[in-house]
Every structure is written in structure tokens, then in C-alpha cells.
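K.L.:
A single structure is presented below for examination.
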Amino acid sequence: MSTQGEEQMASATNLAQNPGDKKQPVLALQEVTKTYSLGRQSTVEAVRGISLSVAEGEFVMITGRSGSGKTTLLNLMAGLTRPTSGSVLFNGEDLWGLSDRQRSTHRNQRVGFIFQFPSLIGSLTAIENILLPTMFAPRDRRLDGGPARQRAEELLGIVGLSDKLAARPRQLSAGQQKRAVIARALMNEPSLLLADEPTADLDERTEQEIVAFLCEVQKTRNLTIVMVTHAGELLRVATRALEMSEGTLSERIHS
Amino acid sequence: MNLLRLALGNIRDSAFRSSLVLLCAALVVGFVLTTTMISLGARRDVEESEALLGADLVVVSQGANTQAETALYMGAPEGAYMSGDTVREVATVRGVRAAAAQFFLASVPVPDPSSSDAFDALLVAFDPETDLTIGPWLADRGQRLGANEVIAGADISSPSGHIEVFGSDLVLKGNLTRTGTDLDRALFVSTETARTLAQGETAALAGPLSEGAATTILVKVDRDADAHEVALQIIQDVPGVSPIEAPGLFRSLRAEMRGLIDVSVVVLVSAWLLSVVIVGLIFAVSANERRREVAVLRALGCSRPFVFRLLLTEASLLSLAGALFGIALVAPGAYLWREQIAGALEIPFFVPSAMRLLELAGAGIALTIVSVASAAAVPAARLGLEDSTITE
């Protein structure tokens, strides 16, 4: 996968947070496995016994070939997919010990998700898409009306789309759509951002802009980011780089 | 942003899927309205005839039961006659409050106001003094039926106010209320006028018009008497006659109407089931297509019940729109083509009153929403319960 000769692979299934980082992990995976059934007798093990800790403020990048299980791993981290075995902990709390409603609230309030595919709702305008997460927030934490719209406008301004508030997704370029998705992911001020190939299918300049923006957000808001990417050259901005292969995760160690 | 806005947006964005569901909903409500109107028409046809007849019993010559029904219904005079003595005997049977003779004279051609053709009307003679149906109707209006005057059913009209029967010119005194039956195509004259007509050169009567004779005797029973017991008493006291009780009077017609209603119900249920299956399949297919959308919503923090509610709201909105569309098509269509429908079904087709139509429309809308929502519920529940995995 890597084109950088100076990198080595550390074979490991138990990946603690950065050795020098003694903070409480925001996210922890313990011996997580995910198996999908492909019929009566056939199964595929997308994630194989992965243990991983991610500390607050880390920018973790995961690379790997298509079909290696990266997206499944992100879905597990978000609490969207139930692991076949093992635990997913967020601030020490097992996500699968929560009810569906509590887990939904957790995703809404603490996790921002950037999808690989175009994920804006086609029938809504850009600003309505940004406001969508507020709709699912618990009543006591919901940002309603004017303040919500003000925040959505601010976010669209930050990602350079202040003139596209009323635009439908089909009226936006691929890069603009990705930036709108990032704005939506930040709407409820999450503490963890999960990004699945946010720069896929984008030109180099837009890719650089988006990565630079994510770095800035990570630093200014002390946001924890886990990002899946195919682009090895982006690893330079990560605080930690991991490689996924056939359902297992290994650390990429800079020599 | 709210659930309704999201649902409306999804409906608008999936024009083909939405159109199919809307069409199914329109079909369901259309079938409900049409078949209900047909059923109501069939039922009212019998009830109106019974009401206009105004009798608890109809006495006919023995063995002429079916003929009596035919005469009342098909406009064809029956040919079994009872003498004036028989009429008087029936009138004196215990439990009989009143007995009135009617004489079905002939079928006579009258001009059809809606075309240049003519149709056959049933010519009926009656005694305005003793009659139980036309008599009270005239009395209510403070009128009397004199010589050479005629009362016509609702379908018969004459711009000149005159109707020619067997070469005689009769004055049209008025029209009866519409019944939706063949009584709407009947001419009622007094016995006195009937005798005058019978003397006409072109008179072609179905039978001899003798003093006091009748083809049908209409009987009202005493208020505290039981119609069935009075009927038995008539059989016992008056030889050669058959009393028909009101519920049995239109038995064969009722059976025919019941058959029509049964067919309507079968058609309605089949169409309903087919629509539910089609809508279920549409939602099952769309649920498959919408996995990503649902995964996005779930990732943004939407709960499973919300996904279920969203899909059900879409289904309900579509079914409501479809039902309104169906009503908008069926109601004016039924009104505009009521004659053609009635002709095709050979029964009167009643366009219900505005209030009744509103009730029917409400019931149709409710049934459609429940049906479509039920059809969408299973795919919606499955989609909501699925693991929201977004694969690479």
C-alpha cells in the first residue's frame, strides 16, 4: 500500500494509543470481530479481533486496500454496526450496553461521520442538510430555530459555501458536497470525527483543502479524528497511521 | 427541519415510486367509492320500490307471484286477474286495515325526452279514493286525479303537459318522486279514465277491464297486526289468491341485487389485496434502494422508530394524496356517466348526497391510508431494524 520506503510495518493486533499519550482514551475497541453471513454456509470475517485505543485530540489515519475492512471498522467505531464479538467503548462506556435510543443520541451528540459516498439528502437544501443533525438531538440539548440556523450558516461559511445555502446537492460540485458533509458532521460539535475517504474522487487541490481544514478543526477544537484513506501521502498530517489488511490492523511506524 | 419536511422531500425526489403508490391508493379509493355506490343503488332500488308500493302485503292471483314482481319491476303487465268480489273479500279479512286494487293495463309507448325515440311505460289503473300509494301522494299535495288526467313516473315528461295514450289526450297532472326503479316509467290513471281509454279504437289491453277487478291488491294491515299472520288469514279466507309479504315481494330481485353486491365486494377485495401487495412490493424494493439514506440518517443520530415513522409518514402522505386524487376522479365521473353506468348494470346508479359522499370519501381515505401504511409497515420495520452498515 505504502509507497514510502522509509516506513515499516509493525505486526500487531493490540494497538494502544500513542505510547507517550497518557490521556483517557476517547475510543477503545477490545478484541472486536465482525463476521458477515453471505448465505447459509458462507461467512466473511471483515474485522478480526482488533483492539485499539484512540486518545482525545489524536488524528488517526487508517489505510488499506479495498475490501480490507476499513469502512466496517468505522461503522463499528460509530456504533452503527454491532460487533460479532468484543466491545466498543466510548469514554469507557460500552456502546452496545446502551439502548438504540441512547446509542442514537451518542452518535448525534458525540460523533460526526463523513461518508465515502455522496451523503447529502437530495431533497434538502445545503443548509437543511447541515441542520439535519439538530432534528435528532434530545429536546434538552436541541439547538432550535435562529441559533441553529446561525450556526449552520457559520459552518457553511467556514467550509466556503456561504453562497450555497439554498443549493440542492445536485447543484454542488463533488468537492462542495464533501465540504457540506464536513460542515454537517460538525453541526452538533462532536468530540469524535469519523471520516471515510473524505477526499476520494476529488482533485488534488480540493483534497489538500479538505485535509488542511480537518487538521485545523482538529487543532482548534481538540477534535479526535479517525480517517480512512487510500492516499498514503496524507499520512504526514496524522498523529498516528494504521494499516488495515484482511480484517486486521497494524501500526505503520515511521523510522 | 422536521419529519414532515423530510418525508415530503423524499416523496418529491422519488417521482416514479411516489406515482405508483399514489396510483394504487387512487385505485383502492376509486373501487371503494364505485362499488359502494353500486351496492347502495342496488339496495335503495328495492327499498324505494317497497316504500312507493306502500303496502305490507301484495295480493295477487294464485301462482302469479313472480309475475307480480315482474309487473312491478319490468314494466310488463301480468295477466292474472282477480274479480271485484275477491278485492272486497280481501278487504274484510281480519287484520286488514285497507285494501286497494291496482290494474296493470298495458305497456304503452311514450316519448323519451332525452332522445327522439319512445320507450314502453306501464299503464296502471287505480281508485284514487282507496289507493295506498298514489292516493296519499296526491292528498299530500292537496290534489285530486280527475278524468283524463295522468300521474307519471319521474322519467316521463311532456313539454306540452299532455300525453297521448291509445289515441286519447291525457293531462299530465304531475310526476312522482324518483324511485330509481321501473315505477319511474309508469303512468297512473283512475279506473274511470282507464275505462275511457279501453274504449279507444287503438286500445290494446293485456286483459279485460271489468268493474272492480284487479291484477294486484295492495294491503295495509292493522297497526297491532302481524303481516305474516294476516297473510295466512287471507290464504285461509280467500280462495285463489296469494299474499306476498313486503320482504318477500322482491325476493328474486333481492337475490339478484345480492349477487351484484357480492360480485362488487369480491372485485373490491381483490383490487384492495392487489393494491396492498403492489404497494408492499414497491416499498420493499425502495427499502432496498434506501439503505444508504437510512444509514446516513442513523449515523446522524436518528433512532430506529424515527426511520419507521419516516417511511410510514411517506406512505400515509402518498395514500392521502392518492385517495383524494381517486375521489376527484371517481365522484365527478360517477355523476357525469351515471346513466351509462346504470344502463350497463341494469340497476339505478345513485350518486349519494353530499353528506353521504363525504362519509364515503372519509371511509375510503381511512381505508386507503390504513392499507398503504400496513403494506409499507413490514419493509419499513425491516429497514429500521437492519444493521446500518455502509459497505465499501
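Simple scheme: letters A, B, ... for chains in C-alpha cells order, numbers from 1 for residues in each chain, numbers from 1 for ligands in the order shown.
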Please, which residues in chain B fall within 12 Å of chain A when counting only C-alpha atoms, and what is the closest atom pair and distance in Å to one decimal for each, ordered by chain then residue number, as a tab-separated table?

P.N.:
```
residue	atom	partner	partner_atom	distance
B:Met1	CA	A:Met135	CA	6.4
B:Asn2	CA	A:Met135	CA	6.5
B:Leu3	CA	A:Met135	CA	8.4
B:Leu4	CA	A:Met135	CA	11.6
B:Arg5	CA	A:Leu124	CA	8.8
B:Leu6	CA	A:Leu124	CA	7.7
B:Ala7	CA	A:Ser123	CA	9.4
B:Leu8	CA	A:Ser123	CA	8.5
B:Gly9	CA	A:Ser123	CA	4.8
B:Asn10	CA	A:Ser123	CA	6.1
B:Ile11	CA	A:Ser123	CA	8.8
B:Arg12	CA	A:Ser123	CA	7.4
B:Asp13	CA	A:Ser123	CA	5.9
B:Ser14	CA	A:Ser123	CA	9.4
B:Ala15	CA	A:Ser123	CA	11.6
B:Arg290	CA	A:Ile121	CA	11.2
B:Arg291	CA	A:Ser119	CA	11.6
B:Arg292	CA	A:Ser119	CA	8.0
B:Glu293	CA	A:Ser119	CA	7.4
B:Val294	CA	A:Ile121	CA	10.3
B:Ala295	CA	A:Leu80	CA	8.1
B:Val296	CA	A:Ser119	CA	6.6
B:Leu297	CA	A:Pro133	CA	8.4
B:Arg298	CA	A:Ser104	CA	7.0
B:Ala299	CA	A:Arg107	CA	6.4
B:Leu300	CA	A:Asn108	CA	5.3
B:Gly301	CA	A:Asn108	CA	4.1
B:Cys302	CA	A:Phe136	CA	5.4
B:Ser303	CA	A:Ser104	CA	5.5
B:Arg304	CA	A:Asp100	CA	7.3
B:Pro305	CA	A:Arg101	CA	8.8
B:Phe306	CA	A:Phe136	CA	8.9
B:Val307	CA	A:Phe136	CA	11.2
B:Gly384	CA	A:Asp100	CA	11.0
B:Leu385	CA	A:Asp100	CA	10.0
B:Glu386	CA	A:Thr81	CA	9.4
B:Asp387	CA	A:Thr81	CA	5.7
B:Ser388	CA	A:Leu80	CA	5.6
B:Thr389	CA	A:Thr81	CA	5.8
B:Ile390	CA	A:Thr71	CA	7.2
B:Thr391	CA	A:Thr71	CA	6.3
B:Glu392	CA	A:Thr71	CA	6.0
```

K.L.:
Can you tell me which residues surround Ala166 (chain A) at a distance of at most 8 Å, considering only C-alpha atoms, apart from same-chain residues fewer than 2 positions away, and format the answer as a ChimeraX atom specification?

P.N.:
/A:125-127,164,168

K.L.:
Would you kindly return, as a PyMOL selection string, each protein, DNA or RNA residue with an atom no farther than 7 Å from any atom of Pro109 (chain B), considering only C-alpha atoms and excluding same-chain residues fewer than 5 positions away?

P.N.:
chain B and resi 118-121

K.L.:
At what distance in Å, to one decimal, does CA of Pro159 (chain B) lie from CA of Ser116 (chain B)?

P.N.:
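Calculated distance between CA of Ser116 (chain B) and CA of Pro159 (chain B) is 13.5 Å.
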
K.L.:
Excluding same-chain residues fewer than 3 positions from Ala231 (chain A), what lies within 12 Å of it counting only C-alpha atoms, as a list in words?

P.N.:
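Neighbouring residues, sequence-local ones excluded: Met1, Ser2, Thr3, Gln4, Met61, Ile62, Thr63, Gly64, Arg65, Asp196, Glu197, Pro198, Thr199, Ala200, Asp201, Leu202, Glu204, Glu207, Gln208, Val211, Met227, Val228, Leu234, Leu235, Arg236, Val237, Ala241 and Glu243 of chain A.
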
K.L.:
If you keep N, CA and C atoms, can you produce a file of those selected residues as a PDB file, in the first residue's frame?

P.N.:
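Generated file (out_30.pdb):
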```
ATOM      1  N   MET A   1       0.831  -1.202   0.000  1.00  0.00           N
ATOM      2  CA  MET A   1       0.000   0.000   0.000  1.00  0.00           C
ATOM      3  C   MET A   1       0.867   1.254   0.000  1.00  0.00           C
ATOM      4  N   SER A   2       1.819   1.246   0.934  1.00  0.00           N
ATOM      5  CA  SER A   2       2.632   2.451   1.071  1.00  0.00           C
ATOM      6  C   SER A   2       3.662   2.543  -0.032  1.00  0.00           C
ATOM      7  N   THR A   3       3.889   3.771  -0.427  1.00  0.00           N
ATOM      8  CA  THR A   3       4.948   3.993  -1.417  1.00  0.00           C
ATOM      9  C   THR A   3       6.161   4.598  -0.747  1.00  0.00           C
ATOM     10  N   GLN A   4       6.058   4.814   0.539  1.00  0.00           N
ATOM     11  CA  GLN A   4       7.150   5.446   1.244  1.00  0.00           C
ATOM     12  C   GLN A   4       8.043   4.369   1.848  1.00  0.00           C
ATOM     13  N   MET A  61      -5.000   7.967  11.113  1.00  0.00           N
ATOM     14  CA  MET A  61      -5.341   7.644   9.720  1.00  0.00           C
ATOM     15  C   MET A  61      -5.199   6.158   9.508  1.00  0.00           C
ATOM     16  N   ILE A  62      -6.164   5.600   8.811  1.00  0.00           N
ATOM     17  CA  ILE A  62      -6.137   4.170   8.516  1.00  0.00           C
ATOM     18  C   ILE A  62      -6.096   3.996   7.000  1.00  0.00           C
ATOM     19  N   THR A  63      -5.112   3.285   6.550  1.00  0.00           N
ATOM     20  CA  THR A  63      -5.027   2.995   5.118  1.00  0.00           C
ATOM     21  C   THR A  63      -5.275   1.502   4.912  1.00  0.00           C
ATOM     22  N   GLY A  64      -5.409   1.126   3.692  1.00  0.00           N
ATOM     23  CA  GLY A  64      -5.616  -0.288   3.398  1.00  0.00           C
ATOM     24  C   GLY A  64      -6.287  -0.452   2.059  1.00  0.00           C
ATOM     25  N   ARG A  65      -6.188  -1.663   1.527  1.00  0.00           N
ATOM     26  CA  ARG A  65      -6.765  -1.919   0.204  1.00  0.00           C
ATOM     27  C   ARG A  65      -8.285  -1.993   0.300  1.00  0.00           C
ATOM     28  N   ASP A 196     -14.662   8.641   6.349  1.00  0.00           N
ATOM     29  CA  ASP A 196     -14.397   7.507   5.460  1.00  0.00           C
ATOM     30  C   ASP A 196     -14.033   8.034   4.072  1.00  0.00           C
ATOM     31  N   GLU A 197     -12.754   8.021   3.786  1.00  0.00           N
ATOM     32  CA  GLU A 197     -12.245   8.508   2.496  1.00  0.00           C
ATOM     33  C   GLU A 197     -12.874   9.854   2.098  1.00  0.00           C
ATOM     34  N   PRO A 198     -12.710  10.870   2.918  1.00  0.00           N
ATOM     35  CA  PRO A 198     -13.362  12.147   2.616  1.00  0.00           C
ATOM     36  C   PRO A 198     -12.807  12.837   1.375  1.00  0.00           C
ATOM     37  N   THR A 199     -11.641  12.369   0.906  1.00  0.00           N
ATOM     38  CA  THR A 199     -11.051  13.039  -0.266  1.00  0.00           C
ATOM     39  C   THR A 199     -11.119  12.173  -1.526  1.00  0.00           C
ATOM     40  N   ALA A 200     -11.823  11.040  -1.415  1.00  0.00           N
ATOM     41  CA  ALA A 200     -11.906  10.161  -2.587  1.00  0.00           C
ATOM     42  C   ALA A 200     -12.594  10.894  -3.730  1.00  0.00           C
ATOM     43  N   ASP A 201     -12.150  10.643  -4.943  1.00  0.00           N
ATOM     44  CA  ASP A 201     -12.735  11.210  -6.174  1.00  0.00           C
ATOM     45  C   ASP A 201     -12.593  12.728  -6.266  1.00  0.00           C
ATOM     46  N   LEU A 202     -11.731  13.315  -5.455  1.00  0.00           N
ATOM     47  CA  LEU A 202     -11.577  14.770  -5.533  1.00  0.00           C
ATOM     48  C   LEU A 202     -10.234  15.105  -6.184  1.00  0.00           C
ATOM     49  N   GLU A 204      -6.636  17.094  -6.638  1.00  0.00           N
ATOM     50  CA  GLU A 204      -5.573  17.233  -5.637  1.00  0.00           C
ATOM     51  C   GLU A 204      -5.728  18.496  -4.797  1.00  0.00           C
ATOM     52  N   GLU A 207      -8.547  18.113  -2.404  1.00  0.00           N
ATOM     53  CA  GLU A 207      -8.109  17.154  -1.386  1.00  0.00           C
ATOM     54  C   GLU A 207      -7.250  17.850  -0.337  1.00  0.00           C
ATOM     55  N   GLN A 208      -6.312  18.678  -0.803  1.00  0.00           N
ATOM     56  CA  GLN A 208      -5.428  19.407   0.114  1.00  0.00           C
ATOM     57  C   GLN A 208      -6.231  20.366   0.998  1.00  0.00           C
ATOM     58  N   VAL A 211      -8.159  18.329   3.681  1.00  0.00           N
ATOM     59  CA  VAL A 211      -7.259  17.800   4.715  1.00  0.00           C
ATOM     60  C   VAL A 211      -6.769  18.942   5.611  1.00  0.00           C
ATOM     61  N   MET A 227      -9.585   8.743  10.391  1.00  0.00           N
ATOM     62  CA  MET A 227      -9.870   8.919   8.967  1.00  0.00           C
ATOM     63  C   MET A 227      -9.329   7.743   8.163  1.00  0.00           C
ATOM     64  N   VAL A 228     -10.181   7.252   7.306  1.00  0.00           N
ATOM     65  CA  VAL A 228      -9.774   6.178   6.394  1.00  0.00           C
ATOM     66  C   VAL A 228      -9.395   6.831   5.075  1.00  0.00           C
ATOM     67  N   LEU A 234      -1.186  11.470   2.511  1.00  0.00           N
ATOM     68  CA  LEU A 234      -1.885  12.252   3.537  1.00  0.00           C
ATOM     69  C   LEU A 234      -1.443  11.864   4.946  1.00  0.00           C
ATOM     70  N   LEU A 235      -0.722  10.727   5.041  1.00  0.00           N
ATOM     71  CA  LEU A 235      -0.352  10.213   6.364  1.00  0.00           C
ATOM     72  C   LEU A 235       0.496  11.202   7.152  1.00  0.00           C
ATOM     73  N   ARG A 236       1.161  12.114   6.439  1.00  0.00           N
ATOM     74  CA  ARG A 236       2.063  13.062   7.098  1.00  0.00           C
ATOM     75  C   ARG A 236       1.340  13.954   8.102  1.00  0.00           C
ATOM     76  N   VAL A 237       0.050  14.157   7.891  1.00  0.00           N
ATOM     77  CA  VAL A 237      -0.666  15.053   8.801  1.00  0.00           C
ATOM     78  C   VAL A 237      -1.222  14.302  10.018  1.00  0.00           C
ATOM     79  N   ALA A 241      -0.622   6.506  12.225  1.00  0.00           N
ATOM     80  CA  ALA A 241      -1.042   5.863  10.979  1.00  0.00           C
ATOM     81  C   ALA A 241      -1.162   4.368  11.185  1.00  0.00           C
ATOM     82  N   GLU A 243      -2.499   0.529   9.353  1.00  0.00           N
ATOM     83  CA  GLU A 243      -2.745  -0.154   8.083  1.00  0.00           C
ATOM     84  C   GLU A 243      -3.724  -1.293   8.336  1.00  0.00           C
TER      85      GLU A 243
END
```

K.L.:
Which distance in Å separates CA of Glu164 (chain B) and CA of Glu129 (chain B), to one decimal?

P.N.:
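Spanning CA of Glu164 (chain B) to CA of Glu129 (chain B) is a straight-line distance of 24.4 Å.
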
K.L.:
As a PyMOL selection string, which residues of region 65-253 of chain A does DSSP assign to strand (DSSP E)?

P.N.:
chain A and resi 85-90+93-94+111-114+192-196+224-228+240-245+248-253

K.L.:
Could you pull the residues within 12 Å of Gly160 (chain A), counting only C-alpha atoms, minus those fewer than 3 positions along the same chain, as a PyMOL selection string?

P.N.:
chain A and resi 153-157+163-165+175-180+182-183+206+209-210+213

K.L.:
Please produce a file of those selected residues containing C-alpha atoms, as a PDB file, in the first residue's frame.

P.N.:
```
ATOM      1  CA  GLU A 153     -24.636  29.355   8.214  1.00  0.00           C
ATOM      2  CA  GLU A 154     -21.373  29.852  10.122  1.00  0.00           C
ATOM      3  CA  LEU A 155     -20.274  26.295   9.341  1.00  0.00           C
ATOM      4  CA  LEU A 156     -21.151  26.668   5.669  1.00  0.00           C
ATOM      5  CA  GLY A 157     -19.155  29.895   5.705  1.00  0.00           C
ATOM      6  CA  ASP A 163     -23.267  31.463  -1.089  1.00  0.00           C
ATOM      7  CA  LYS A 164     -24.756  27.972  -1.462  1.00  0.00           C
ATOM      8  CA  LEU A 165     -27.203  27.898   1.441  1.00  0.00           C
ATOM      9  CA  GLY A 175     -15.811  18.936  -3.562  1.00  0.00           C
ATOM     10  CA  GLN A 176     -18.546  21.293  -2.393  1.00  0.00           C
ATOM     11  CA  GLN A 177     -20.682  18.326  -1.385  1.00  0.00           C
ATOM     12  CA  LYS A 178     -17.814  16.886   0.646  1.00  0.00           C
ATOM     13  CA  ARG A 179     -17.315  20.225   2.377  1.00  0.00           C
ATOM     14  CA  ALA A 180     -21.026  20.436   3.154  1.00  0.00           C
ATOM     15  CA  ILE A 182     -17.964  18.038   6.850  1.00  0.00           C
ATOM     16  CA  ALA A 183     -19.988  21.044   7.984  1.00  0.00           C
ATOM     17  CA  THR A 206      -9.627  20.140  -3.179  1.00  0.00           C
ATOM     18  CA  GLU A 209      -8.038  21.988   1.141  1.00  0.00           C
ATOM     19  CA  ILE A 210     -10.174  19.414   2.910  1.00  0.00           C
ATOM     20  CA  PHE A 213      -9.421  22.089   7.057  1.00  0.00           C
TER      21      PHE A 213
END
```

K.L.:
Compare B:Val265, B:Gln143, B:Gly322, B:Gly333 by their minimum atom-to-atom distance to Val32 (chain B), counting only C-alpha atoms, and give me the closest one.

P.N.:
B:Val265

K.L.:
Any idea what's packed within 8 Å of region 25-38 of chain A, counting only C-alpha atoms, ignoring anything in its chain fewer than 2 positions away? Could you give it as an NGL selection string?

P.N.:
:A and (17 or 23 or 40-56 or 72 or 77 or 82-92 or 192 or 224)

K.L.:
Rounded to one decimal in Å, what is the spacing between CA of Gly326 (chain B) and CA of Leu281 (chain B)?

P.N.:
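It comes out at 21.0 Å.
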
K.L.:
Nearest residue to Leu186 (chain A) out of A:Thr248, A:Val60, A:Val217, A:Asp94, using only C-alpha atoms?

P.N.:
A:Val217
